[in-house]
>>> print(open('entry_24.cif').read())   # mmCIF, C-alpha atoms and all ligand atoms
data_data
loop_
_atom_site.label_atom_id
_atom_site.label_comp_id
_atom_site.auth_asym_id
_atom_site.auth_seq_id
_atom_site.Cartn_x
_atom_site.Cartn_y
_atom_site.Cartn_z
CA MET A 19 -49.38 -170.67 -21.60
CA ASP A 20 -46.47 -168.76 -23.07
CA ALA A 21 -43.01 -170.29 -23.42
CA ALA A 22 -41.72 -168.86 -20.13
CA ARG A 23 -44.61 -170.51 -18.24
CA LEU A 24 -43.81 -173.84 -19.91
CA VAL A 25 -40.20 -173.55 -18.81
CA GLU A 26 -41.35 -172.62 -15.28
CA HIS A 27 -43.71 -175.61 -15.24
CA TYR A 28 -41.06 -178.12 -16.26
CA ARG A 29 -40.50 -180.71 -13.53
CA ARG A 30 -38.12 -183.64 -13.55
CA GLY A 31 -39.81 -186.52 -15.43
CA ASP A 32 -41.41 -184.17 -18.02
CA PHE A 33 -40.16 -183.70 -21.56
CA LEU A 34 -39.04 -180.18 -22.49
CA PHE A 35 -37.71 -179.21 -25.91
CA THR A 36 -37.03 -175.60 -26.88
CA THR A 37 -35.90 -174.39 -30.28
CA ALA A 38 -35.63 -171.03 -32.04
CA ARG A 39 -39.15 -171.74 -33.38
CA ARG A 40 -41.11 -173.42 -30.58
CA THR A 41 -41.27 -174.74 -27.02
CA VAL A 42 -42.76 -178.15 -26.21
CA LEU A 43 -43.60 -179.33 -22.69
CA ALA A 44 -45.00 -182.87 -22.51
CA GLN A 45 -46.17 -184.45 -19.26
CA GLY A 46 -47.30 -187.89 -18.13
CA THR A 47 -47.16 -191.21 -19.97
CA ALA A 48 -50.17 -192.50 -21.91
CA ASP A 49 -48.05 -195.03 -23.79
CA GLU A 50 -44.38 -196.01 -23.81
CA ILE A 51 -42.70 -197.58 -26.84
CA THR A 52 -39.17 -198.89 -26.40
CA GLY A 53 -36.92 -201.09 -28.51
CA THR A 54 -33.45 -201.66 -29.88
CA ASP A 55 -34.44 -201.86 -33.56
CA GLU A 56 -34.97 -198.18 -34.30
CA GLN A 57 -36.59 -198.51 -37.75
CA ALA A 58 -39.09 -201.03 -36.35
CA LEU A 59 -39.67 -198.69 -33.41
CA ALA A 60 -40.35 -195.81 -35.82
CA ASP A 61 -42.99 -197.99 -37.54
CA ARG A 62 -44.60 -198.84 -34.17
CA VAL A 63 -44.67 -195.16 -33.19
CA SER A 64 -46.31 -194.26 -36.54
CA ALA A 65 -48.95 -196.96 -35.98
CA ALA A 66 -49.65 -195.76 -32.41
CA LEU A 67 -49.94 -192.12 -33.48
CA ALA A 68 -52.12 -192.96 -36.51
CA GLU A 69 -54.62 -194.46 -34.07
CA ARG A 70 -54.59 -191.87 -31.32
CA GLY A 71 -53.12 -188.68 -32.92
CA GLY A 72 -50.85 -186.30 -31.04
CA ILE A 73 -47.09 -186.62 -30.61
CA ALA A 74 -44.46 -188.96 -29.24
CA THR A 75 -41.38 -187.60 -27.51
CA GLY A 76 -38.17 -189.27 -26.46
CA VAL A 77 -34.62 -190.37 -26.95
CA LEU A 78 -32.52 -192.57 -29.20
CA PRO A 79 -29.36 -194.01 -27.61
CA TYR A 80 -25.87 -193.78 -29.08
CA ASP A 81 -25.93 -197.51 -29.91
CA ALA A 82 -29.19 -199.42 -29.61
CA ALA A 83 -27.42 -202.64 -30.65
CA SER A 84 -25.44 -202.50 -27.37
CA GLY A 85 -28.72 -202.98 -25.47
CA THR A 86 -29.58 -199.39 -24.49
CA PRO A 87 -33.14 -199.04 -25.81
CA ALA A 88 -34.66 -196.14 -27.69
CA ARG A 89 -37.54 -194.78 -25.62
CA LEU A 90 -40.54 -192.95 -27.02
CA VAL A 91 -43.40 -191.72 -24.86
CA VAL A 92 -46.90 -190.73 -25.92
CA PRO A 93 -47.59 -188.10 -23.26
CA ARG A 94 -50.85 -187.46 -21.44
CA THR A 95 -50.68 -183.71 -21.99
CA VAL A 96 -48.72 -181.58 -24.44
CA HIS A 97 -48.34 -177.81 -24.28
CA THR A 98 -46.66 -175.91 -27.09
CA ALA A 99 -45.73 -172.27 -27.36
CA GLY A 100 -43.51 -170.07 -29.52
CA PRO A 101 -39.78 -169.67 -29.00
CA ALA A 102 -38.55 -169.38 -25.40
CA HIS A 103 -36.81 -166.07 -26.14
CA PRO A 104 -37.64 -163.32 -25.41
CA ASP A 105 -40.45 -164.62 -23.11
CA VAL A 106 -37.95 -166.17 -20.70
CA ASP A 107 -36.17 -162.83 -20.19
CA ARG A 108 -38.58 -162.26 -17.31
CA LEU A 109 -37.43 -165.43 -15.51
CA SER A 110 -34.59 -165.16 -13.04
CA ARG A 111 -31.57 -167.39 -13.13
CA GLU A 112 -31.62 -170.29 -10.67
CA ARG A 113 -28.82 -170.75 -8.17
CA VAL A 114 -27.37 -174.24 -8.38
CA GLY A 115 -25.38 -174.97 -5.25
CA ALA A 116 -21.75 -176.07 -5.56
CA PRO A 117 -21.40 -179.81 -6.15
CA ALA A 118 -19.78 -182.01 -3.49
CA ALA A 119 -17.28 -183.48 -6.00
CA VAL A 120 -16.29 -183.41 -9.67
CA ARG A 121 -14.28 -186.30 -11.12
CA ALA A 122 -12.96 -186.69 -14.66
CA VAL A 123 -13.54 -190.04 -16.44
CA PRO A 124 -10.98 -190.81 -17.73
CA GLU A 125 -8.27 -188.61 -16.21
CA PRO A 126 -7.51 -185.79 -18.69
CA ARG A 127 -4.03 -187.17 -19.47
CA ASP A 128 -5.63 -190.51 -20.32
CA HIS A 129 -8.04 -188.82 -22.72
CA ALA A 130 -5.08 -187.15 -24.44
CA ALA A 131 -3.38 -190.56 -24.63
CA ALA A 132 -6.53 -192.08 -26.15
CA VAL A 133 -6.57 -189.33 -28.79
CA ARG A 134 -2.91 -190.14 -29.59
CA THR A 135 -3.82 -193.83 -29.98
CA ALA A 136 -6.82 -192.93 -32.12
CA VAL A 137 -4.65 -190.89 -34.49
CA THR A 138 -2.37 -193.93 -34.95
CA GLU A 139 -5.29 -196.31 -35.34
CA LEU A 140 -6.94 -194.16 -38.02
CA ALA A 141 -4.14 -195.13 -40.40
CA VAL A 142 -3.92 -198.76 -39.23
CA ARG A 143 -7.69 -199.36 -39.57
CA ASP A 144 -8.29 -197.19 -42.62
CA LEU A 145 -10.61 -194.83 -40.73
CA ARG A 146 -11.16 -191.25 -41.91
CA LYS A 147 -12.51 -189.94 -38.61
CA VAL A 148 -13.47 -191.07 -35.11
CA VAL A 149 -15.13 -189.07 -32.31
CA LEU A 150 -13.74 -189.61 -28.82
CA ALA A 151 -15.50 -188.38 -25.71
CA ARG A 152 -14.72 -187.97 -22.04
CA ALA A 153 -17.00 -187.47 -19.06
CA LEU A 154 -17.19 -185.52 -15.80
CA ASP A 155 -19.01 -187.09 -12.87
CA VAL A 156 -20.59 -184.44 -10.68
CA GLU A 157 -21.89 -185.37 -7.23
CA PHE A 158 -24.30 -183.32 -5.19
CA ALA A 159 -24.96 -183.47 -1.46
CA ARG A 160 -28.69 -183.43 -2.31
CA ASP A 161 -30.98 -184.25 -5.25
CA VAL A 162 -29.67 -183.03 -8.59
CA PRO A 163 -31.47 -179.71 -9.21
CA VAL A 164 -32.50 -180.74 -12.72
CA ALA A 165 -35.25 -178.14 -13.24
CA ALA A 166 -32.92 -175.32 -12.13
CA ILE A 167 -30.15 -176.42 -14.50
CA VAL A 168 -32.63 -176.78 -17.38
CA ARG A 169 -34.02 -173.31 -16.75
CA ASN A 170 -30.50 -171.83 -16.81
CA LEU A 171 -29.74 -173.70 -20.04
CA VAL A 172 -32.85 -172.18 -21.64
CA LEU A 173 -31.86 -168.70 -20.44
CA ASP A 174 -28.34 -169.15 -21.87
CA HIS A 175 -29.44 -170.44 -25.29
CA ARG A 176 -31.42 -168.26 -27.66
CA HIS A 177 -30.51 -170.66 -30.49
CA GLY A 178 -30.12 -174.41 -30.59
CA TYR A 179 -32.03 -177.13 -28.79
CA VAL A 180 -32.43 -177.23 -25.02
CA PHE A 181 -33.86 -180.52 -23.88
CA ALA A 182 -34.78 -182.59 -20.87
CA ALA A 183 -36.09 -186.13 -21.33
CA ASP A 184 -36.96 -188.93 -18.98
CA LEU A 185 -34.74 -192.02 -19.31
CA PRO A 186 -35.39 -195.59 -18.18
CA GLY A 187 -34.75 -196.06 -14.45
CA GLY A 188 -35.90 -192.58 -13.48
CA ARG A 189 -32.80 -190.91 -14.92
CA THR A 190 -32.94 -187.67 -16.93
CA LEU A 191 -31.07 -186.56 -20.03
CA LEU A 192 -30.62 -182.78 -20.08
CA GLY A 193 -28.59 -180.50 -22.28
CA ALA A 194 -28.31 -177.71 -24.82
CA SER A 195 -27.36 -179.11 -28.21
CA PRO A 196 -26.36 -176.81 -31.04
CA GLU A 197 -26.94 -179.55 -33.62
CA LEU A 198 -30.10 -180.46 -35.55
CA LEU A 199 -29.91 -184.12 -36.58
CA VAL A 200 -33.02 -183.77 -38.75
CA SER A 201 -36.40 -182.08 -38.92
CA ARG A 202 -39.37 -182.78 -41.17
CA ARG A 203 -42.21 -180.35 -41.80
CA GLY A 204 -44.54 -181.60 -44.51
CA SER A 205 -42.27 -182.64 -47.35
CA ARG A 206 -39.42 -180.36 -46.25
CA VAL A 207 -36.44 -182.06 -44.61
CA VAL A 208 -33.60 -180.18 -42.91
CA ALA A 209 -30.38 -181.45 -41.35
CA HIS A 210 -27.74 -179.14 -39.92
CA PRO A 211 -24.60 -181.15 -39.18
CA LEU A 212 -21.81 -179.49 -37.16
CA ALA A 213 -18.16 -180.49 -36.96
CA GLY A 214 -15.03 -178.41 -36.48
CA SER A 215 -14.77 -176.37 -33.30
CA MET A 216 -13.01 -173.50 -31.55
CA PRO A 217 -13.87 -172.04 -28.14
CA ARG A 218 -15.54 -168.63 -27.79
CA SER A 219 -13.60 -165.98 -25.93
CA GLY A 220 -14.73 -163.12 -23.68
CA ASP A 221 -12.20 -160.93 -25.47
CA ALA A 222 -13.79 -159.71 -28.74
CA ALA A 223 -10.55 -159.71 -30.75
CA THR A 224 -9.60 -163.24 -29.65
CA ASP A 225 -13.15 -164.41 -30.31
CA THR A 226 -13.04 -163.12 -33.90
CA GLU A 227 -9.57 -164.59 -34.37
CA ASN A 228 -10.81 -167.99 -33.17
CA ALA A 229 -13.67 -167.88 -35.67
CA GLU A 230 -11.34 -166.93 -38.52
CA THR A 231 -8.85 -169.63 -37.54
CA LEU A 232 -11.65 -172.20 -37.58
CA LEU A 233 -12.90 -171.16 -41.03
CA ALA A 234 -9.36 -171.53 -42.41
CA SER A 235 -8.40 -174.73 -40.55
CA LYS A 236 -7.73 -177.61 -42.98
CA LYS A 237 -8.11 -180.14 -40.14
CA ASP A 238 -11.54 -178.79 -39.15
CA LEU A 239 -12.70 -178.45 -42.76
CA LEU A 240 -11.78 -182.10 -43.34
CA GLU A 241 -13.67 -183.16 -40.18
CA HIS A 242 -16.64 -181.21 -41.47
CA THR A 243 -16.53 -182.50 -45.05
CA ILE A 244 -16.51 -186.10 -43.85
CA LEU A 245 -19.64 -185.36 -41.83
CA THR A 246 -21.52 -183.47 -44.52
CA GLU A 247 -20.82 -186.15 -47.12
CA ALA A 248 -22.13 -188.86 -44.79
CA VAL A 249 -25.31 -186.93 -43.89
CA ALA A 250 -26.03 -186.16 -47.56
CA GLU A 251 -25.44 -189.81 -48.45
CA ALA A 252 -27.79 -191.04 -45.69
CA LEU A 253 -30.55 -188.53 -46.56
CA GLY A 254 -30.25 -189.01 -50.33
CA PRO A 255 -32.40 -192.17 -50.62
CA PHE A 256 -35.28 -190.47 -48.74
CA CYS A 257 -35.33 -187.27 -50.76
CA ALA A 258 -36.55 -186.34 -54.24
CA THR A 259 -34.22 -183.31 -54.17
CA LEU A 260 -31.36 -182.44 -51.84
CA ASP A 261 -29.44 -179.19 -51.54
CA VAL A 262 -25.99 -179.45 -49.97
CA PRO A 263 -24.13 -176.12 -49.83
CA ALA A 264 -20.52 -176.45 -51.00
CA GLU A 265 -19.02 -174.41 -48.13
CA PRO A 266 -19.75 -174.56 -44.38
CA THR A 267 -20.78 -171.50 -42.40
CA LEU A 268 -19.77 -170.40 -38.91
CA GLU A 269 -22.23 -171.28 -36.16
CA ARG A 270 -21.92 -169.98 -32.61
CA THR A 271 -23.08 -171.06 -29.18
CA PRO A 272 -22.24 -169.12 -26.00
CA ALA A 273 -19.28 -171.51 -25.49
CA MET A 274 -18.17 -172.64 -28.98
CA TRP A 275 -17.66 -171.77 -32.63
CA HIS A 276 -18.53 -174.56 -35.07
CA LEU A 277 -18.54 -175.21 -38.77
CA GLY A 278 -22.06 -176.06 -39.94
CA THR A 279 -23.84 -176.95 -43.18
CA ARG A 280 -27.60 -176.59 -43.53
CA ILE A 281 -28.78 -179.38 -45.82
CA THR A 282 -32.34 -179.18 -47.15
CA GLY A 283 -34.39 -181.65 -49.14
CA GLU A 284 -37.85 -182.60 -50.36
CA LEU A 285 -39.13 -185.90 -49.04
CA ALA A 286 -39.77 -188.57 -51.68
CA ASN A 287 -42.25 -190.69 -49.68
CA PRO A 288 -44.72 -189.00 -47.28
CA ALA A 289 -44.79 -192.16 -45.10
CA THR A 290 -41.22 -191.42 -43.97
CA THR A 291 -41.51 -189.68 -40.60
CA ALA A 292 -39.02 -187.48 -38.77
CA LEU A 293 -38.29 -190.47 -36.52
CA HIS A 294 -37.56 -192.74 -39.51
CA LEU A 295 -35.16 -190.10 -40.80
CA ALA A 296 -33.46 -189.67 -37.42
CA SER A 297 -33.00 -193.44 -37.07
CA ALA A 298 -31.58 -193.71 -40.59
CA LEU A 299 -29.15 -190.81 -40.16
CA HIS A 300 -27.88 -191.79 -36.74
CA PRO A 301 -24.99 -192.23 -35.89
CA THR A 302 -23.42 -189.50 -38.03
CA PRO A 303 -19.69 -188.78 -38.03
CA ALA A 304 -20.45 -185.77 -35.75
CA ILE A 305 -20.52 -188.24 -32.88
CA CYS A 306 -19.18 -191.56 -34.19
CA GLY A 307 -16.93 -191.70 -37.27
CA THR A 308 -16.34 -193.03 -40.77
CA PRO A 309 -16.68 -195.89 -41.56
CA VAL A 310 -19.29 -196.34 -38.81
CA ALA A 311 -18.64 -199.96 -37.78
CA SER A 312 -14.91 -199.65 -37.23
CA ALA A 313 -15.25 -196.17 -35.66
CA ARG A 314 -17.73 -197.66 -33.19
CA ARG A 315 -15.34 -200.49 -32.41
CA LEU A 316 -12.45 -198.09 -31.76
CA ILE A 317 -14.65 -195.89 -29.55
CA GLY A 318 -15.60 -199.00 -27.55
CA GLU A 319 -11.92 -199.86 -27.11
CA LEU A 320 -10.75 -196.37 -26.12
CA GLU A 321 -13.55 -194.86 -24.04
CA PRO A 322 -13.79 -196.22 -20.47
CA PHE A 323 -17.59 -195.90 -20.28
CA ASP A 324 -20.78 -196.82 -22.06
CA ARG A 325 -22.16 -193.72 -23.80
CA GLY A 326 -25.75 -194.65 -23.03
CA TYR A 327 -27.90 -191.78 -24.33
CA TYR A 328 -25.03 -189.33 -24.87
CA ALA A 329 -24.43 -188.93 -28.64
CA GLY A 330 -27.92 -190.28 -29.40
CA ALA A 331 -30.82 -188.05 -30.38
CA THR A 332 -33.65 -186.29 -28.53
CA GLY A 333 -36.85 -185.02 -30.08
CA TRP A 334 -40.46 -185.56 -31.05
CA VAL A 335 -42.58 -186.80 -33.93
CA ASP A 336 -46.29 -186.20 -34.56
CA SER A 337 -49.10 -188.13 -36.23
CA GLU A 338 -48.40 -186.32 -39.53
CA GLY A 339 -44.78 -187.54 -39.41
CA ASP A 340 -43.42 -184.07 -38.71
CA GLY A 341 -40.86 -183.61 -35.96
CA GLU A 342 -37.45 -182.42 -34.83
CA TRP A 343 -34.50 -184.40 -33.53
CA ALA A 344 -31.40 -182.84 -32.00
CA VAL A 345 -28.10 -184.66 -31.58
CA SER A 346 -27.78 -185.39 -27.84
CA ILE A 347 -24.53 -183.56 -27.12
CA ARG A 348 -23.55 -180.87 -24.54
CA CYS A 349 -25.64 -182.96 -22.22
CA ALA A 350 -25.65 -184.93 -18.98
CA ASP A 351 -27.33 -188.07 -17.72
CA ALA A 352 -28.64 -187.31 -14.22
CA GLY A 353 -29.43 -189.84 -11.51
CA ALA A 354 -30.76 -189.03 -8.03
CA ALA A 355 -27.78 -187.18 -6.52
CA SER A 356 -25.16 -187.25 -9.30
CA LEU A 357 -24.88 -186.64 -13.00
CA ARG A 358 -22.43 -187.51 -15.75
CA MET A 359 -21.59 -184.80 -18.31
CA TYR A 360 -20.08 -185.76 -21.67
CA ALA A 361 -18.02 -183.95 -24.28
CA GLY A 362 -16.36 -185.33 -27.39
CA GLY A 363 -14.47 -184.19 -30.43
CA GLY A 364 -13.74 -185.44 -33.92
CA ILE A 365 -10.28 -186.92 -34.44
CA VAL A 366 -8.65 -186.93 -37.88
CA ALA A 367 -5.05 -187.64 -38.93
CA ASP A 368 -3.87 -184.09 -38.01
CA SER A 369 -5.50 -183.91 -34.56
CA ASP A 370 -3.41 -182.72 -31.62
CA PRO A 371 -4.13 -184.53 -28.30
CA HIS A 372 -3.84 -181.44 -26.09
CA ALA A 373 -5.96 -179.30 -28.40
CA GLU A 374 -8.59 -182.07 -28.35
CA LEU A 375 -8.50 -182.17 -24.55
CA ASP A 376 -8.97 -178.40 -24.41
CA GLU A 377 -11.84 -178.64 -26.90
CA THR A 378 -13.71 -181.05 -24.63
CA SER A 379 -13.12 -178.74 -21.63
CA ALA A 380 -14.56 -175.84 -23.63
CA LYS A 381 -17.60 -177.95 -24.58
CA PHE A 382 -18.23 -178.80 -20.91
CA ALA A 383 -18.75 -175.06 -20.32
CA THR A 384 -22.26 -175.30 -21.85
CA LEU A 385 -23.57 -177.29 -18.88
CA GLY A 386 -20.91 -175.95 -16.55
CA ARG A 387 -22.24 -172.42 -16.87
CA ALA A 388 -25.80 -173.55 -16.18
CA MET A 389 -24.49 -175.34 -13.07
CA GLY A 390 -22.31 -172.45 -11.90
CA LEU A 391 -19.08 -174.44 -12.36
CA ASP A 392 -15.88 -172.55 -13.22
CA ALA A 393 -13.29 -173.43 -15.87
CA ASP A 394 -10.95 -175.18 -13.41
CA ALA A 395 -13.67 -177.54 -12.22
CA LEU A 396 -14.52 -178.30 -15.84
CA SER A 397 -11.04 -178.94 -17.19
CA GLY A 398 -10.22 -181.51 -14.48
CA ASP A 399 -6.74 -180.94 -15.86
CA PRO A 400 -3.79 -180.37 -13.52
CA ARG A 401 -1.66 -178.73 -16.26
CA PRO A 402 -0.76 -175.14 -15.30
CA ARG A 403 -2.84 -172.60 -17.27
C1 LIG A 501 -19.32 -184.70 -30.11
C2 LIG A 501 -19.56 -183.44 -29.74
O1 LIG A 501 -19.60 -182.40 -30.63
C3 LIG A 501 -19.72 -182.63 -32.03
C4 LIG A 501 -20.51 -181.52 -32.61
C5 LIG A 501 -19.92 -180.38 -33.06
C6 LIG A 501 -18.53 -180.31 -33.23
C7 LIG A 501 -17.76 -181.41 -33.01
C8 LIG A 501 -16.28 -181.37 -33.23
O2 LIG A 501 -15.77 -180.33 -33.70
O3 LIG A 501 -15.59 -182.33 -32.92
C9 LIG A 501 -18.34 -182.73 -32.66
O4 LIG A 501 -18.39 -183.45 -33.84
C10 LIG A 501 -19.78 -183.09 -28.33
O5 LIG A 501 -20.04 -181.91 -28.05
O6 LIG A 501 -19.73 -183.99 -27.47
#
>>> encode(input="entry_24.cif", output="structure tokens", more="lines below")
Ligand SMILES: C=C(O[C@H]1C=CC=C(C(=O)O)[C@@H]1O)C(=O)O
Amino acid sequence: MDAARLVEHYRRGDFLFTTARRTVLAQGTADEITGTDEQALADRVSAALAERGGIATGVLPYDAASGTPARLVVPRTVHTAGPAHPDVDRLSRERVGAPAAVRAVPEPRDHAAAVRTAVTELAVRDLRKVVLARALDVEFARDVPVAAIVRNLVLDHRHGYVFAADLPGGRTLLGASPELLVSRRGSRVVAHPLAGSMPRSGDAATDTENAETLLASKKDLLEHTILTEAVAEALGPFCATLDVPAEPTLERTPAMWHLGTRITGELANPATTALHLASALHPTPAICGTPVASARRLIGELEPFDRGYYAGATGWVDSEGDGEWAVSIRCADAGAASLRMYAGGGIVADSDPHAELDETSAKFATLGRAMGLDADALSGDPRPR
């Protein structure tokens, strides 16, 4: 089956993961491995795969210690193909009917207020960075059309990581992440952390200006440096060599510009799998903050929801230890007839609350476009525009 057929065959409950290199569709459950100690879980997955071969697919939560378990599945069948593009060009876009209601959690003005508090607390608690998120609850008058939204996400994203994964309780995590947490292929390890953002624009001149502004923004460069340092520090002990470029590059998605740094290394110990690496790296300051423990505490105090699987990781690992894990952002957690979309942004001392609010609205456009939602529905913000 080519990649377009795999995308067509995806049904809610399956695991789909598309990248610029390959498409993976995994179906059925031969074995399920869950747990809140992620390193121990990675060992259990290695043991299971050593015995039976094949791959395990699944999700890591934002914070396993809070009781949301990591969930890995050894599927019954796995189909792989090359990249989704250009195969999927022959698929038509799915129509996703208008939702019955969209509600911001918290209210946009409360998110801006939380950002203001976070900026103050950074100094009080000696934090360099914290990532604050908000959510949009979208209700449908019928079942959430998960497969249709996933197909549209694949069509929209030639680059990055489009994913759909089954969650405990019959829920589904779906999204299009631009960010590679980590991949391992033989002894080669790659991480591609992203931090620092500006929205894309339909106007070519404004779009270029936004990119140039981002590359020159001291606030965004600081956000990015904090992230890159932390990822390099976390990967260091696992690698015999590590290459960390000194300057970030511009990365683009259809909705956003980001600063990114592609970090590459050679693995020191072949027993370290992609899942071990993902568990060790997570949570990076792309989604949590520095230092981790106090950033996590502040996030818990300021966000009015449990992140669950948002800001975790989604991916696969095989019996050789190879695999790919994307940071679970630009995503939604779907139940039967409603879903919750999440978007966050890094806060440093110079962050502006309204700019941060706008950044989250722009990030919602990734899923919003796949769901046919317009900018007003996504901003949830009564300020005149
Ligand atoms: C936390 C998110 O994005 C992260 C990834 C790229 C850029 C980010 C930023 O500029 O703040 C965030 O760190 C999200 O999309 O929910």
>>> residues_near_ligand(input="entry_24.cif", ligand="ligand LIG 501 (chain A)", cutoff="6 Å", atoms="only C-alpha atoms and all ligand atoms", output="list in words")
Leu212, Ala213, Gly214, Ser215, Ala304, Ile305, Ile347, Arg348, Ala361, Gly362, Gly363, Gly364 and Lys381 of chain A
>>> closest_residue(input="entry_24.cif", among="A:Ser110, A:Thr52, A:Gln57, A:Thr135", to="Pro371 (chain A)", atoms="only C-alpha atoms")
A:Thr135
>>> closest_residue(input="entry_24.cif", among="A:Ala159, A:Ala222, A:Ala367, A:Leu316", to="Val120 (chain A)", atoms="only C-alpha atoms")
A:Ala159
>>> atom_distance(input="entry_24.cif", atom1="CA of Pro124 (chain A)", atom2="CA of Arg314 (chain A)")
18.2 Å
>>> residues_around(input="entry_24.cif", residues="region 261-272 of chain A", least_positions_apart="3", cutoff="8 Å", atoms="only C-alpha atoms", output="ChimeraX atom specification")
/A:174-175,177-178,196,218,229,233,242,250,275-283,384
>>> residues_around(input="entry_24.cif", residues="Ala313 (chain A)", least_positions_apart="5", cutoff="8 Å", atoms="only C-alpha atoms", output="PDB file with C-alpha atoms, in the frame of the given file")
ATOM      1  CA  LEU A 145     -10.610-194.830 -40.730  1.00  0.00           C
ATOM      2  CA  LYS A 147     -12.510-189.940 -38.610  1.00  0.00           C
ATOM      3  CA  VAL A 148     -13.470-191.070 -35.110  1.00  0.00           C
ATOM      4  CA  VAL A 149     -15.130-189.070 -32.310  1.00  0.00           C
ATOM      5  CA  CYS A 306     -19.180-191.560 -34.190  1.00  0.00           C
ATOM      6  CA  GLY A 307     -16.930-191.700 -37.270  1.00  0.00           C
ATOM      7  CA  THR A 308     -16.340-193.030 -40.770  1.00  0.00           C
TER       8      THR A 308
END
>>> closest_residue(input="entry_24.cif", among="A:Val142, A:Ala354, A:Leu173, A:Ala292", to="Arg189 (chain A)", atoms="only C-alpha atoms")
A:Ala354
>>> residues_around(input="entry_24.cif", residues="Thr86 (chain A)", least_positions_apart="6", cutoff="8 Å", atoms="all atoms listed in the file", output="MDAnalysis selection string")
chainID A and resid 54 79 326:327
>>> atom_distance(input="entry_24.cif", atom1="CA of Arg39 (chain A)", atom2="CA of Tyr360 (chain A)")
26.4 Å
>>> atom_distance(input="entry_24.cif", atom1="CA of Asp61 (chain A)", atom2="CA of Ser205 (chain A)")
18.2 Å
>>> residues_around(input="entry_24.cif", residues="Ala352 (chain A)", least_positions_apart="5", cutoff="10 Å", atoms="only C-alpha atoms", output="number ranges by chain")
A: 155-157, 161-164, 184-185, 188-192, 357-359
>>> residues_around(input="entry_24.cif", residues="Val91 (chain A)", least_positions_apart="2", cutoff="12 Å", atoms="all atoms listed in the file", output="ChimeraX atom specification")
/A:31-33,44-53,59,62-63,66-67,72-78,88-89,93-96,183-186,332-336
>>> write_last_selection(input="entry_24.cif", atoms="C-alpha atoms", output="PDB file, in the frame of the given file")
ATOM      1  CA  GLY A  31     -39.810-186.520 -15.430  1.00  0.00           C
ATOM      2  CA  ASP A  32     -41.410-184.170 -18.020  1.00  0.00           C
ATOM      3  CA  PHE A  33     -40.160-183.700 -21.560  1.00  0.00           C
ATOM      4  CA  ALA A  44     -45.000-182.870 -22.510  1.00  0.00           C
ATOM      5  CA  GLN A  45     -46.170-184.450 -19.260  1.00  0.00           C
ATOM      6  CA  GLY A  46     -47.300-187.890 -18.130  1.00  0.00           C
ATOM      7  CA  THR A  47     -47.160-191.210 -19.970  1.00  0.00           C
ATOM      8  CA  ALA A  48     -50.170-192.500 -21.910  1.00  0.00           C
ATOM      9  CA  ASP A  49     -48.050-195.030 -23.790  1.00  0.00           C
ATOM     10  CA  GLU A  50     -44.380-196.010 -23.810  1.00  0.00           C
ATOM     11  CA  ILE A  51     -42.700-197.580 -26.840  1.00  0.00           C
ATOM     12  CA  THR A  52     -39.170-198.890 -26.400  1.00  0.00           C
ATOM     13  CA  GLY A  53     -36.920-201.090 -28.510  1.00  0.00           C
ATOM     14  CA  LEU A  59     -39.670-198.690 -33.410  1.00  0.00           C
ATOM     15  CA  ARG A  62     -44.600-198.840 -34.170  1.00  0.00           C
ATOM     16  CA  VAL A  63     -44.670-195.160 -33.190  1.00  0.00           C
ATOM     17  CA  ALA A  66     -49.650-195.760 -32.410  1.00  0.00           C
ATOM     18  CA  LEU A  67     -49.940-192.120 -33.480  1.00  0.00           C
ATOM     19  CA  GLY A  72     -50.850-186.300 -31.040  1.00  0.00           C
ATOM     20  CA  ILE A  73     -47.090-186.620 -30.610  1.00  0.00           C
ATOM     21  CA  ALA A  74     -44.460-188.960 -29.240  1.00  0.00           C
ATOM     22  CA  THR A  75     -41.380-187.600 -27.510  1.00  0.00           C
ATOM     23  CA  GLY A  76     -38.170-189.270 -26.460  1.00  0.00           C
ATOM     24  CA  VAL A  77     -34.620-190.370 -26.950  1.00  0.00           C
ATOM     25  CA  LEU A  78     -32.520-192.570 -29.200  1.00  0.00           C
ATOM     26  CA  ALA A  88     -34.660-196.140 -27.690  1.00  0.00           C
ATOM     27  CA  ARG A  89     -37.540-194.780 -25.620  1.00  0.00           C
ATOM     28  CA  PRO A  93     -47.590-188.100 -23.260  1.00  0.00           C
ATOM     29  CA  ARG A  94     -50.850-187.460 -21.440  1.00  0.00           C
ATOM     30  CA  THR A  95     -50.680-183.710 -21.990  1.00  0.00           C
ATOM     31  CA  VAL A  96     -48.720-181.580 -24.440  1.00  0.00           C
ATOM     32  CA  ALA A 183     -36.090-186.130 -21.330  1.00  0.00           C
ATOM     33  CA  ASP A 184     -36.960-188.930 -18.980  1.00  0.00           C
ATOM     34  CA  LEU A 185     -34.740-192.020 -19.310  1.00  0.00           C
ATOM     35  CA  PRO A 186     -35.390-195.590 -18.180  1.00  0.00           C
ATOM     36  CA  THR A 332     -33.650-186.290 -28.530  1.00  0.00           C
ATOM     37  CA  GLY A 333     -36.850-185.020 -30.080  1.00  0.00           C
ATOM     38  CA  TRP A 334     -40.460-185.560 -31.050  1.00  0.00           C
ATOM     39  CA  VAL A 335     -42.580-186.800 -33.930  1.00  0.00           C
ATOM     40  CA  ASP A 336     -46.290-186.200 -34.560  1.00  0.00           C
TER      41      ASP A 336
END
>>> closest_residue(input="entry_24.cif", among="A:Glu26, A:Val42, A:Ala68, A:Ala136", to="Glu321 (chain A)", atoms="only C-alpha atoms")
A:Ala136
>>> closest_residue(input="entry_24.cif", among="A:Val106, A:Ala132, A:Met274, A:Ile167", to="Gly318 (chain A)", atoms="all atoms listed in the file")
A:Ala132
